[in-house]
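work05.txt (compact mmCIF, C-alpha atoms and all ligand atoms)
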# COMPACT_ATOMS: atom_id res chain seq x y z
CA MET K 1 0.00 0.00 0.00
CA TYR K 2 2.77 2.37 1.06
CA THR K 3 4.61 1.72 -2.22
CA LEU K 4 1.42 2.37 -4.16
CA ILE K 5 0.82 5.72 -2.47
CA ARG K 6 4.48 6.63 -2.86
CA SER K 7 4.49 5.90 -6.56
CA PHE K 8 1.19 7.81 -6.99
CA VAL K 9 2.64 10.86 -5.20
CA LEU K 10 5.83 10.61 -7.22
CA SER K 11 4.08 10.36 -10.58
CA THR K 12 1.77 13.24 -9.66
CA LEU K 13 4.79 15.34 -8.76
CA ILE K 14 6.47 14.46 -12.03
CA LEU K 15 3.32 15.39 -13.95
CA PHE K 16 3.04 18.73 -12.16
CA SER K 17 6.66 19.65 -12.64
CA ALA K 18 6.41 18.66 -16.32
CA ALA K 19 3.40 20.96 -16.64
CA ALA K 20 5.25 23.72 -14.78
CA GLN K 21 8.19 23.32 -17.11
CA ALA K 22 6.09 23.14 -20.29
CA GLU K 23 7.45 25.66 -22.73
CA PRO K 24 5.16 28.68 -23.13
CA ILE K 25 3.69 29.26 -26.58
CA LYS K 26 5.74 31.98 -28.24
CA ILE K 27 4.03 34.56 -30.44
CA LYS K 28 6.44 36.71 -32.43
CA PHE K 29 4.63 39.78 -33.77
CA SER K 30 6.53 41.54 -36.53
CA HIS K 31 5.56 44.94 -37.95
CA VAL K 32 7.10 47.84 -39.85
CA VAL K 33 5.90 51.01 -38.15
CA ALA K 34 7.15 52.92 -35.09
CA VAL K 35 5.98 51.95 -31.59
CA ASN K 36 4.16 55.26 -31.20
CA THR K 37 1.55 54.54 -33.91
CA PRO K 38 -1.87 52.85 -33.90
CA LYS K 39 -0.34 49.50 -34.92
CA GLY K 40 2.66 49.85 -32.61
CA GLN K 41 0.39 50.61 -29.66
CA MET K 42 -2.03 47.82 -30.55
CA ALA K 43 0.86 45.32 -30.55
CA GLU K 44 2.08 46.53 -27.15
CA LYS K 45 -1.42 46.32 -25.69
CA PHE K 46 -1.87 42.82 -27.10
CA LYS K 47 1.38 41.68 -25.46
CA ALA K 48 0.39 43.21 -22.11
CA LEU K 49 -3.10 41.66 -22.10
CA VAL K 50 -2.01 38.19 -23.21
CA GLU K 51 0.89 37.95 -20.79
CA GLU K 52 -1.27 39.20 -17.92
CA ARG K 53 -4.05 36.70 -18.67
CA LEU K 54 -1.92 33.71 -19.64
CA PRO K 55 1.17 34.00 -17.43
CA GLY K 56 3.76 31.36 -18.27
CA LYS K 57 1.52 29.94 -20.97
CA VAL K 58 1.98 32.48 -23.76
CA VAL K 59 4.84 34.89 -24.39
CA VAL K 60 4.52 37.68 -26.96
CA GLU K 61 7.57 39.28 -28.55
CA VAL K 62 6.95 42.42 -30.58
CA PHE K 63 9.41 43.49 -33.29
CA PRO K 64 8.58 47.01 -34.61
CA ASN K 65 10.25 49.17 -37.32
CA SER K 66 10.88 46.31 -39.84
CA GLN K 67 13.48 44.98 -37.34
CA LEU K 68 12.67 41.39 -38.14
CA PHE K 69 10.84 41.38 -41.48
CA GLY K 70 9.61 43.95 -43.99
CA ASP K 71 6.07 43.55 -45.27
CA ASN K 72 7.32 41.94 -48.49
CA LYS K 73 8.61 38.95 -46.51
CA VAL K 74 6.47 38.76 -43.40
CA LEU K 75 3.57 36.74 -44.83
CA GLU K 76 5.94 34.07 -46.10
CA ALA K 77 7.64 34.13 -42.69
CA ILE K 78 4.27 33.42 -41.05
CA LEU K 79 3.70 30.45 -43.31
CA LEU K 80 7.19 29.16 -42.51
CA GLY K 81 6.54 29.57 -38.78
CA ASP K 82 9.32 32.15 -38.31
CA VAL K 83 6.78 34.63 -36.89
CA GLN K 84 3.24 33.99 -35.73
CA LEU K 85 1.51 37.36 -36.05
CA ALA K 86 1.71 40.36 -38.36
CA ALA K 87 -0.56 43.15 -39.48
CA PRO K 88 0.51 44.27 -42.94
CA SER K 89 -1.49 47.00 -44.58
CA LEU K 90 -4.43 45.77 -46.62
CA SER K 91 -2.56 46.90 -49.74
CA LYS K 92 0.08 44.18 -49.30
CA PHE K 93 -1.96 40.97 -49.66
CA LYS K 94 -2.03 40.83 -53.47
CA LYS K 95 -0.33 37.42 -53.66
CA TYR K 96 -2.88 35.94 -51.27
CA THR K 97 -6.17 37.52 -52.35
CA LYS K 98 -7.42 40.09 -54.82
CA GLN K 99 -10.48 40.95 -52.75
CA LEU K 100 -8.66 43.11 -50.22
CA GLN K 101 -7.84 45.48 -53.08
CA VAL K 102 -11.25 47.00 -52.37
CA PHE K 103 -9.67 49.02 -49.55
CA ASP K 104 -7.26 50.68 -52.00
CA LEU K 105 -9.89 52.07 -54.35
CA PRO K 106 -9.43 55.86 -54.32
CA PHE K 107 -12.33 57.87 -52.88
CA LEU K 108 -14.39 54.75 -52.07
CA PHE K 109 -14.66 55.54 -48.36
CA ASN K 110 -15.51 59.07 -47.24
CA ASP K 111 -14.03 58.59 -43.79
CA ILE K 112 -13.05 56.07 -41.09
CA LYS K 113 -16.67 55.74 -39.97
CA ALA K 114 -17.55 54.42 -43.44
CA VAL K 115 -14.62 51.99 -43.37
CA ASP K 116 -15.82 50.82 -39.95
CA ASN K 117 -19.33 50.21 -41.30
CA PHE K 118 -17.90 48.22 -44.18
CA MET K 119 -15.60 46.12 -41.99
CA LYS K 120 -18.48 45.21 -39.71
CA SER K 121 -20.78 44.27 -42.60
CA PRO K 122 -21.10 40.60 -43.65
CA GLU K 123 -19.10 41.40 -46.81
CA GLY K 124 -16.34 43.02 -44.75
CA GLN K 125 -16.25 40.21 -42.19
CA SER K 126 -16.01 37.60 -44.95
CA LEU K 127 -12.74 39.21 -46.03
CA LEU K 128 -11.08 37.90 -42.86
CA ASN K 129 -11.30 34.47 -44.53
CA SER K 130 -10.18 35.66 -47.96
CA THR K 131 -6.60 34.37 -47.50
CA GLU K 132 -7.57 31.06 -45.88
CA GLY K 133 -6.93 29.06 -49.04
CA LYS K 134 -3.31 30.21 -48.90
CA GLY K 135 -2.87 29.20 -45.26
CA LEU K 136 -3.32 32.63 -43.67
CA GLN K 137 -6.11 33.39 -41.21
CA GLY K 138 -7.30 36.97 -40.75
CA LEU K 139 -8.05 37.68 -37.09
CA GLY K 140 -9.19 41.28 -37.23
CA PHE K 141 -8.95 44.65 -38.95
CA LEU K 142 -7.16 47.66 -37.54
CA HIS K 143 -7.29 51.29 -38.69
CA ASN K 144 -4.47 53.65 -39.34
CA GLY K 145 -6.24 56.46 -41.17
CA MET K 146 -6.98 58.29 -44.38
CA LYS K 147 -3.99 58.85 -46.68
CA GLN K 148 -2.53 62.23 -47.62
CA LEU K 149 -0.21 63.13 -50.50
CA SER K 150 3.20 64.64 -49.90
CA ALA K 151 5.74 66.16 -52.29
CA ASN K 152 8.17 69.06 -52.59
CA THR K 153 5.68 71.09 -54.60
CA PRO K 154 2.14 71.89 -53.46
CA LEU K 155 -0.27 69.38 -54.99
CA ARG K 156 -3.61 71.14 -55.36
CA VAL K 157 -4.91 69.57 -58.56
CA PRO K 158 -3.94 66.34 -60.35
CA ALA K 159 -1.92 68.24 -62.97
CA ASP K 160 0.49 69.30 -60.19
CA ALA K 161 1.52 65.65 -59.78
CA LYS K 162 2.24 65.05 -63.45
CA ASN K 163 5.54 63.23 -64.09
CA LEU K 164 6.42 63.08 -60.38
CA LYS K 165 7.67 59.80 -58.88
CA PHE K 166 5.59 58.58 -55.96
CA ARG K 167 6.48 55.71 -53.66
CA ILE K 168 3.57 53.31 -53.30
CA MET K 169 2.92 50.11 -51.39
CA SER K 170 2.93 46.89 -53.42
CA SER K 171 -0.58 47.34 -54.79
CA ASP K 172 -1.68 47.37 -58.43
CA VAL K 173 -4.66 49.58 -57.55
CA LEU K 174 -2.32 52.21 -56.14
CA ALA K 175 -0.12 51.92 -59.24
CA ALA K 176 -3.18 52.54 -61.42
CA GLN K 177 -4.23 55.45 -59.21
CA PHE K 178 -0.94 57.28 -59.79
CA LYS K 179 -0.87 56.41 -63.49
CA ALA K 180 -4.33 57.98 -63.74
CA ILE K 181 -2.79 61.32 -62.74
CA ASP K 182 0.16 60.86 -65.14
CA ALA K 183 2.59 60.32 -62.29
CA SER K 184 5.10 57.50 -61.93
CA PRO K 185 4.36 54.96 -59.15
CA GLN K 186 7.33 53.20 -57.51
CA LYS K 187 6.66 50.11 -55.40
CA LYS K 188 9.10 50.31 -52.48
CA PRO K 189 9.27 48.92 -48.94
CA PHE K 190 8.19 51.22 -46.13
CA SER K 191 11.63 51.02 -44.51
CA GLU K 192 13.19 52.76 -47.56
CA VAL K 193 10.78 55.68 -47.93
CA PHE K 194 12.60 58.24 -45.76
CA THR K 195 15.93 57.75 -47.55
CA LEU K 196 14.32 57.74 -50.99
CA LEU K 197 12.66 61.07 -50.18
CA GLN K 198 15.76 62.53 -48.56
CA THR K 199 17.99 61.67 -51.51
CA LYS K 200 15.27 62.83 -53.92
CA ALA K 201 15.27 59.44 -55.64
CA ILE K 202 11.50 59.87 -55.47
CA ASP K 203 9.44 63.07 -55.38
CA GLY K 204 6.57 62.13 -53.12
CA GLN K 205 4.51 59.51 -51.37
CA GLU K 206 1.07 58.86 -49.91
CA ASN K 207 0.51 57.95 -46.28
CA THR K 208 -1.40 58.72 -43.11
CA TRP K 209 -0.63 61.59 -40.73
CA SER K 210 0.66 59.08 -38.21
CA ASN K 211 3.16 57.46 -40.60
CA ILE K 212 4.25 60.80 -42.11
CA TYR K 213 4.93 62.09 -38.61
CA SER K 214 6.43 59.05 -36.87
CA LYS K 215 8.78 58.24 -39.76
CA LYS K 216 9.71 61.93 -40.23
CA PHE K 217 8.67 62.08 -43.89
CA PHE K 218 7.49 65.65 -43.22
CA GLU K 219 11.09 66.66 -42.56
CA VAL K 220 12.05 65.76 -46.13
CA GLN K 221 8.85 66.88 -47.91
CA ASP K 222 7.93 70.57 -48.21
CA TYR K 223 4.19 70.00 -48.63
CA VAL K 224 1.52 67.60 -47.42
CA THR K 225 -1.83 67.88 -49.19
CA GLU K 226 -4.81 66.98 -47.05
CA SER K 227 -6.40 64.86 -49.76
CA ASN K 228 -7.98 62.03 -47.72
CA HIS K 229 -8.08 60.22 -51.07
CA GLY K 230 -7.70 56.69 -49.77
CA TYR K 231 -7.63 54.48 -46.72
CA LEU K 232 -4.75 52.76 -44.92
CA GLY K 233 -5.56 49.96 -42.52
CA TYR K 234 -4.42 46.49 -41.63
CA MET K 235 -5.45 42.88 -41.37
CA VAL K 236 -3.98 41.07 -38.37
CA VAL K 237 -3.00 37.62 -39.62
CA THR K 238 -1.60 34.35 -38.38
CA SER K 239 -1.06 30.98 -39.99
CA LYS K 240 -4.07 28.67 -40.04
CA ASP K 241 -1.80 25.91 -38.89
CA PHE K 242 -0.49 27.75 -35.80
CA TRP K 243 -3.96 29.04 -34.90
CA GLY K 244 -5.55 25.61 -35.28
CA LYS K 245 -2.96 23.90 -33.09
CA MET K 246 -3.29 26.33 -30.20
CA PRO K 247 -5.30 24.77 -27.31
CA ALA K 248 -8.88 26.03 -27.60
CA ASP K 249 -8.97 27.64 -24.14
CA VAL K 250 -5.73 29.52 -24.77
CA ARG K 251 -6.86 30.54 -28.26
CA ALA K 252 -10.07 32.02 -26.85
CA VAL K 253 -8.10 34.27 -24.46
CA VAL K 254 -5.62 35.29 -27.17
CA ASP K 255 -8.49 36.09 -29.54
CA LYS K 256 -10.33 38.20 -26.95
CA SER K 257 -7.12 40.04 -26.04
CA LEU K 258 -6.51 40.80 -29.71
CA ALA K 259 -10.02 42.20 -30.13
CA GLU K 260 -9.45 44.49 -27.13
CA ALA K 261 -6.01 45.52 -28.39
CA ILE K 262 -7.52 46.39 -31.77
CA GLU K 263 -10.17 48.52 -30.10
CA HIS K 264 -7.38 50.33 -28.24
CA GLY K 265 -5.40 50.77 -31.51
CA ASN K 266 -8.47 52.13 -33.31
CA LYS K 267 -8.98 54.75 -30.64
CA ILE K 268 -5.34 55.80 -30.97
CA ALA K 269 -5.74 55.92 -34.77
CA LEU K 270 -8.49 58.54 -34.48
CA GLU K 271 -6.47 60.59 -31.98
CA LYS K 272 -3.24 60.42 -33.99
CA ALA K 273 -4.90 61.56 -37.21
CA VAL K 274 -5.58 64.86 -35.41
CA GLN K 275 -2.51 65.13 -33.15
CA ASP K 276 0.13 64.14 -35.69
CA LYS K 277 -1.27 66.48 -38.33
CA GLN K 278 -1.05 69.29 -35.78
CA ALA K 279 2.48 68.26 -34.79
CA ILE K 280 3.51 68.51 -38.46
CA ILE K 281 1.95 71.98 -38.74
CA ASP K 282 3.63 73.08 -35.49
CA SER K 283 7.02 71.77 -36.66
CA LYS K 284 7.00 74.32 -39.52
CA ARG K 285 9.13 71.84 -41.47
CA SER K 286 6.35 71.15 -43.95
CA ASN K 287 3.30 73.07 -45.16
CA VAL K 288 -0.11 71.47 -44.96
CA VAL K 289 -2.11 72.24 -48.11
CA GLU K 290 -5.88 72.30 -47.85
CA ILE K 291 -7.77 71.86 -51.09
CA THR K 292 -11.09 73.40 -52.11
CA ALA K 293 -14.17 71.32 -52.94
CA ASP K 294 -13.62 72.14 -56.60
CA GLN K 295 -9.98 70.98 -56.50
CA ARG K 296 -11.03 67.82 -54.68
CA ALA K 297 -13.58 67.09 -57.39
CA GLN K 298 -10.75 67.12 -59.94
CA TRP K 299 -8.85 64.41 -58.02
CA VAL K 300 -12.05 62.36 -57.75
CA ASN K 301 -12.74 62.69 -61.47
CA VAL K 302 -9.38 61.36 -62.58
CA MET K 303 -8.82 58.74 -59.89
CA LYS K 304 -12.26 57.16 -59.58
CA PRO K 305 -12.25 55.52 -63.05
CA VAL K 306 -9.59 53.20 -61.59
CA TRP K 307 -12.43 51.30 -59.89
CA GLY K 308 -13.63 49.93 -63.22
CA LYS K 309 -10.27 48.31 -63.95
CA PHE K 310 -10.45 46.22 -60.77
CA GLU K 311 -14.17 45.52 -60.62
CA LYS K 312 -13.80 41.96 -61.92
CA GLU K 313 -10.94 41.02 -59.59
CA ILE K 314 -12.53 42.53 -56.49
CA GLY K 315 -16.16 41.73 -57.21
CA LYS K 316 -19.00 44.17 -57.79
CA ASP K 317 -20.81 43.13 -54.61
CA LEU K 318 -17.85 44.08 -52.45
CA ILE K 319 -17.46 47.45 -54.16
CA ASN K 320 -21.19 48.12 -53.74
CA ALA K 321 -20.97 47.22 -50.06
CA GLY K 322 -18.12 49.74 -49.83
CA ILE K 323 -20.22 52.44 -51.53
CA ASN K 324 -23.18 51.71 -49.23
CA SER K 325 -21.02 52.01 -46.12
CA ASN K 326 -20.88 55.78 -46.66
CA LYS K 327 -24.60 56.13 -45.96
C1 LIG H 401 3.33 51.62 -45.83
O1 LIG H 401 4.06 50.75 -46.35
O2 LIG H 401 3.32 52.80 -46.19
C2 LIG H 401 2.43 51.20 -44.71
O3 LIG H 401 1.87 49.96 -45.03
C3 LIG H 401 3.17 51.09 -43.43
C4 LIG H 401 2.25 50.63 -42.34
O4 LIG H 401 2.31 49.48 -41.95
O5 LIG H 401 1.47 51.48 -41.87
So that I can check it, write out the structure of this file as structure tokens.
Amino acid sequence: MYTLIRSFVLSTLILFSAAAQAEPIKIKFSHVVAVNTPKGQMAEKFKALVEERLPGKVVVEVFPNSQLFGDNKVLEAILLGDVQLAAPSLSKFKKYTKQLQVFDLPFLFNDIKAVDNFMKSPEGQSLLNSTEGKGLQGLGFLHNGMKQLSANTPLRVPADAKNLKFRIMSSDVLAAQFKAIDASPQKKPFSEVFTLLQTKAIDGQENTWSNIYSKKFFEVQDYVTESNHGYLGYMVVTSKDFWGKMPADVRAVVDKSLAEAIEHGNKIALEKAVQDKQAIIDSKRSNVVEITADQRAQWVNVMKPVWGKFEKEIGKDLINAGINSNK
């Protein structure tokens, strides 16, 4: 009897210590922006929530500023298991789905509220599964903001941009958008934009107030036009394989923490669109150009026909859902 009890106690102890020593699940989260941005802050919040709720079970390591991977490599890295989480901009999923191109259509969304409506609609929610066939699972959408145009000359009407070289993300819609205004689009990684602008290898770029401020683009661009011509946001993604293998109870906590972190990031996105624009104005390093309704109409007229070129790839239903989200 004594031996039985002893061996029971021993095996229980062994089991417990094995459990105590079980390696925590490691989530490497790689992104390209600064820490002090909507995405940077969302990632930090996610780490804090997960590690507080799952101590010793899950560890989150965040790698900002393209430290680990640029957006051209990060999705492959997820599939290879080198990182577990990323949130590339919606413009960078071309190899995995054509549907997300809807977010790049110029002047489709009037504002962030409209984008929010669209993302919450059944059509928007279905897009989280649009990369599933390629092994990537979308877990949520995060805002950055509306994009602005910057250059070393004031861009008031499309003709002002003629023949200028603009850095764009790796999106064919964005390439078509700049071709529509007779400018030259250059697909380049985010990490290279500052140097390309500084050395005048390119003339301009499009981005949100938060990215223009945090990456100091305003210090090497004389003008930023408040065009609000397009949207920049993200899909948080993981590999289907990694997500599926995570124990269900752990996955539920990670998922909930991510949803809360995204909410936090979205709040920061709205604040930064105002604060970072003001910080750029206050810096006096760059002039913010406001355009009239008439000038804006000229940008709309030349850029909007781009929609037609991508209607087949994106799907008319999705584009209509986007249009309806403005109501
Ligand atoms: C860009 O490349 O301009 C953006 O996608 C960067 C980002 O992640 O906000």
Distance criterion (all atoms listed in the file): nearest to Ala48 (chain K) out of K:Glu61, K:Glu123, K:Glu290, K:Asp317: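 Using all atoms listed in the file, Ala48 (chain K) sits closest to K:Glu61.
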I need the residue nearest Val173 (chain K) from this list: K:Leu100, K:Ile262, K:Leu105, K:Ala321. Use only C-alpha atoms for the distance.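 Of all the options, K:Leu105 lies closest to Val173 (chain K).
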Give the padded box for region 154-167 of chain K as JSON: axis-aligned, covering all atoms listed in the file, 6 Å on each side, centre and edge lengths in Å to one decimal.
{"center_x": 1.4, "center_y": 63.8, "center_z": -58.8, "size_x": 24.6, "size_y": 28.2, "size_z": 22.6}
Step by step, measure atom-to-atom distances between ligand LIG 401 (chain H) and each residue using only C-alpha atoms and all ligand atoms, keep those at most 10 Å, then write them as a PyMOL selection string. chain K and resi 31-34+37-40+64-66+70-72+86-92+143-145+147+167-170+187-193+205-208+210-212+215+232-234
Pull C-alpha atoms from the residues just selected and write them as a compact mmCIF listing (two decimals), in the coordinates of the input.
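Result file follows (again30.txt):
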# COMPACT_ATOMS: atom_id res chain seq x y z
CA HIS K 31 5.56 44.94 -37.95
CA VAL K 32 7.10 47.84 -39.85
CA VAL K 33 5.90 51.01 -38.15
CA ALA K 34 7.15 52.92 -35.09
CA THR K 37 1.55 54.54 -33.91
CA PRO K 38 -1.87 52.85 -33.90
CA LYS K 39 -0.34 49.50 -34.92
CA GLY K 40 2.66 49.85 -32.61
CA PRO K 64 8.58 47.01 -34.61
CA ASN K 65 10.25 49.17 -37.32
CA SER K 66 10.88 46.31 -39.84
CA GLY K 70 9.61 43.95 -43.99
CA ASP K 71 6.07 43.55 -45.27
CA ASN K 72 7.32 41.94 -48.49
CA ALA K 86 1.71 40.36 -38.36
CA ALA K 87 -0.56 43.15 -39.48
CA PRO K 88 0.51 44.27 -42.94
CA SER K 89 -1.49 47.00 -44.58
CA LEU K 90 -4.43 45.77 -46.62
CA SER K 91 -2.56 46.90 -49.74
CA LYS K 92 0.08 44.18 -49.30
CA HIS K 143 -7.29 51.29 -38.69
CA ASN K 144 -4.47 53.65 -39.34
CA GLY K 145 -6.24 56.46 -41.17
CA LYS K 147 -3.99 58.85 -46.68
CA ARG K 167 6.48 55.71 -53.66
CA ILE K 168 3.57 53.31 -53.30
CA MET K 169 2.92 50.11 -51.39
CA SER K 170 2.93 46.89 -53.42
CA LYS K 187 6.66 50.11 -55.40
CA LYS K 188 9.10 50.31 -52.48
CA PRO K 189 9.27 48.92 -48.94
CA PHE K 190 8.19 51.22 -46.13
CA SER K 191 11.63 51.02 -44.51
CA GLU K 192 13.19 52.76 -47.56
CA VAL K 193 10.78 55.68 -47.93
CA GLN K 205 4.51 59.51 -51.37
CA GLU K 206 1.07 58.86 -49.91
CA ASN K 207 0.51 57.95 -46.28
CA THR K 208 -1.40 58.72 -43.11
CA SER K 210 0.66 59.08 -38.21
CA ASN K 211 3.16 57.46 -40.60
CA ILE K 212 4.25 60.80 -42.11
CA LYS K 215 8.78 58.24 -39.76
CA LEU K 232 -4.75 52.76 -44.92
CA GLY K 233 -5.56 49.96 -42.52
CA TYR K 234 -4.42 46.49 -41.63
Length of the CA of Lys284 (chain K) to CA of Asn36 (chain K) vector [Å]: 21.0 Å
Just give me the gap between CA of Ser283 (chain K) and CA of Tyr213 (chain K) in Å, one decimal is fine.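 Separation between CA of Ser283 (chain K) and CA of Tyr213 (chain K): 10.1 Å.
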Of the candidates K:Leu155, K:Met146, K:Ile202, K:Val237, which one gets nearest to Lys272 (chain K) if we count all atoms listed in the file?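 Comparing K:Leu155, K:Met146, K:Ile202, K:Val237 against Lys272 (chain K), the winner is K:Met146.
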Can you tell me how far CA of Lys165 (chain K) sits from CA of Asp276 (chain K), in Å to one decimal?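 Separation between CA of Lys165 (chain K) and CA of Asp276 (chain K): 24.8 Å.
Residues surrounding Arg156 (chain K) within 10 Å are Leu149, Asp160, Ala161, Thr225, Glu226, Ser227, Val289, Glu290, Ile291, Thr292, Gln295, Arg296, Gln298 and Trp299 of chain K [all atoms listed in the file; sequence separation below 4 positions excluded].
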Restricting the calculation to all atoms listed in the file: of K:Asp104, K:Lys120, K:Tyr96, K:Asn110, which residue gets closest to Gly133 (chain K)?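 Smallest distance to Gly133 (chain K) is found for K:Tyr96.
Checking K:Trp307, K:Phe46, K:Trp209, K:Phe63 one by one against Ile319 (chain K), counting only C-alpha atoms, you find the shortest gap at K:Trp307.
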Need the shell around Lys304 (chain K): protein/DNA/RNA residues with any atom at most 12 Å away, counting only C-alpha atoms. Skip same-chain ones fewer than 5 positions apart. Format as a PyMOL selection string? chain K and resi 104-109+173-174+176-178+180-181+229-230+296-299+309-311
Shell around Phe218 (chain K) at 7 Å using all atoms listed in the file, local window under 6 positions removed, as a list in words: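 Counting only the stated atoms, we get Ile212, Ile280, Arg285 and Ser286 of chain K.
Proximity to region 252-254 of chain K at 9 Å, evaluated using only C-alpha atoms and with sequence-adjacent residues fewer than 6 positions away removed, yields Phe46, Leu49, Val50, Arg53, Leu54 and Val58 of chain K.
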Looking at K:Asn266, K:Asn301, K:Thr238, K:Asn152, which one is nearest to Val224 (chain K), with distances taken over all atoms listed in the file? K:Asn152
Since the input is missing atoms, can you rebuild N, CA and C atoms for region 24-41 of chain K and write them as a PDB file, in the frame of the given file?
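Output contents, as saved in out30.pdb:
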ATOM      1  N   PRO K  24       6.289  27.827 -22.737  1.00  0.00           N
ATOM      2  CA  PRO K  24       5.160  28.680 -23.130  1.00  0.00           C
ATOM      3  C   PRO K  24       5.060  28.783 -24.655  1.00  0.00           C
ATOM      4  N   ILE K  25       3.863  29.027 -25.136  1.00  0.00           N
ATOM      5  CA  ILE K  25       3.690  29.260 -26.580  1.00  0.00           C
ATOM      6  C   ILE K  25       4.274  30.630 -26.885  1.00  0.00           C
ATOM      7  N   LYS K  26       5.115  30.691 -27.905  1.00  0.00           N
ATOM      8  CA  LYS K  26       5.740  31.980 -28.240  1.00  0.00           C
ATOM      9  C   LYS K  26       5.048  32.595 -29.457  1.00  0.00           C
ATOM     10  N   ILE K  27       4.623  33.841 -29.302  1.00  0.00           N
ATOM     11  CA  ILE K  27       4.030  34.560 -30.440  1.00  0.00           C
ATOM     12  C   ILE K  27       4.965  35.708 -30.802  1.00  0.00           C
ATOM     13  N   LYS K  28       5.625  35.594 -31.944  1.00  0.00           N
ATOM     14  CA  LYS K  28       6.440  36.710 -32.430  1.00  0.00           C
ATOM     15  C   LYS K  28       5.553  37.560 -33.331  1.00  0.00           C
ATOM     16  N   PHE K  29       5.484  38.835 -33.017  1.00  0.00           N
ATOM     17  CA  PHE K  29       4.630  39.780 -33.770  1.00  0.00           C
ATOM     18  C   PHE K  29       5.561  40.782 -34.454  1.00  0.00           C
ATOM     19  N   SER K  30       5.620  40.696 -35.769  1.00  0.00           N
ATOM     20  CA  SER K  30       6.530  41.540 -36.530  1.00  0.00           C
ATOM     21  C   SER K  30       5.751  42.626 -37.263  1.00  0.00           C
ATOM     22  N   HIS K  31       6.201  43.877 -37.161  1.00  0.00           N
ATOM     23  CA  HIS K  31       5.560  44.940 -37.950  1.00  0.00           C
ATOM     24  C   HIS K  31       6.581  45.990 -38.374  1.00  0.00           C
ATOM     25  N   VAL K  32       6.140  46.937 -39.202  1.00  0.00           N
ATOM     26  CA  VAL K  32       7.100  47.840 -39.850  1.00  0.00           C
ATOM     27  C   VAL K  32       7.069  49.273 -39.330  1.00  0.00           C
ATOM     28  N   VAL K  33       6.041  49.604 -38.546  1.00  0.00           N
ATOM     29  CA  VAL K  33       5.900  51.010 -38.150  1.00  0.00           C
ATOM     30  C   VAL K  33       6.567  51.269 -36.785  1.00  0.00           C
ATOM     31  N   ALA K  34       6.571  52.535 -36.380  1.00  0.00           N
ATOM     32  CA  ALA K  34       7.150  52.920 -35.090  1.00  0.00           C
ATOM     33  C   ALA K  34       6.233  52.435 -33.961  1.00  0.00           C
ATOM     34  N   VAL K  35       6.777  52.395 -32.746  1.00  0.00           N
ATOM     35  CA  VAL K  35       5.980  51.950 -31.590  1.00  0.00           C
ATOM     36  C   VAL K  35       4.842  52.945 -31.323  1.00  0.00           C
ATOM     37  N   ASN K  36       5.143  54.231 -31.525  1.00  0.00           N
ATOM     38  CA  ASN K  36       4.160  55.260 -31.200  1.00  0.00           C
ATOM     39  C   ASN K  36       3.188  55.521 -32.371  1.00  0.00           C
ATOM     40  N   THR K  37       2.525  54.472 -32.803  1.00  0.00           N
ATOM     41  CA  THR K  37       1.550  54.540 -33.910  1.00  0.00           C
ATOM     42  C   THR K  37       0.374  53.645 -33.516  1.00  0.00           C
ATOM     43  N   PRO K  38      -0.743  53.717 -34.251  1.00  0.00           N
ATOM     44  CA  PRO K  38      -1.870  52.850 -33.900  1.00  0.00           C
ATOM     45  C   PRO K  38      -1.478  51.357 -33.871  1.00  0.00           C
ATOM     46  N   LYS K  39      -0.715  50.928 -34.884  1.00  0.00           N
ATOM     47  CA  LYS K  39      -0.340  49.500 -34.920  1.00  0.00           C
ATOM     48  C   LYS K  39       0.677  49.164 -33.841  1.00  0.00           C
ATOM     49  N   GLY K  40       1.654  50.064 -33.648  1.00  0.00           N
ATOM     50  CA  GLY K  40       2.660  49.850 -32.610  1.00  0.00           C
ATOM     51  C   GLY K  40       2.018  49.735 -31.238  1.00  0.00           C
ATOM     52  N   GLN K  41       1.058  50.606 -30.971  1.00  0.00           N
ATOM     53  CA  GLN K  41       0.390  50.610 -29.660  1.00  0.00           C
ATOM     54  C   GLN K  41      -0.542  49.410 -29.513  1.00  0.00           C
TER      55      GLN K  41
END
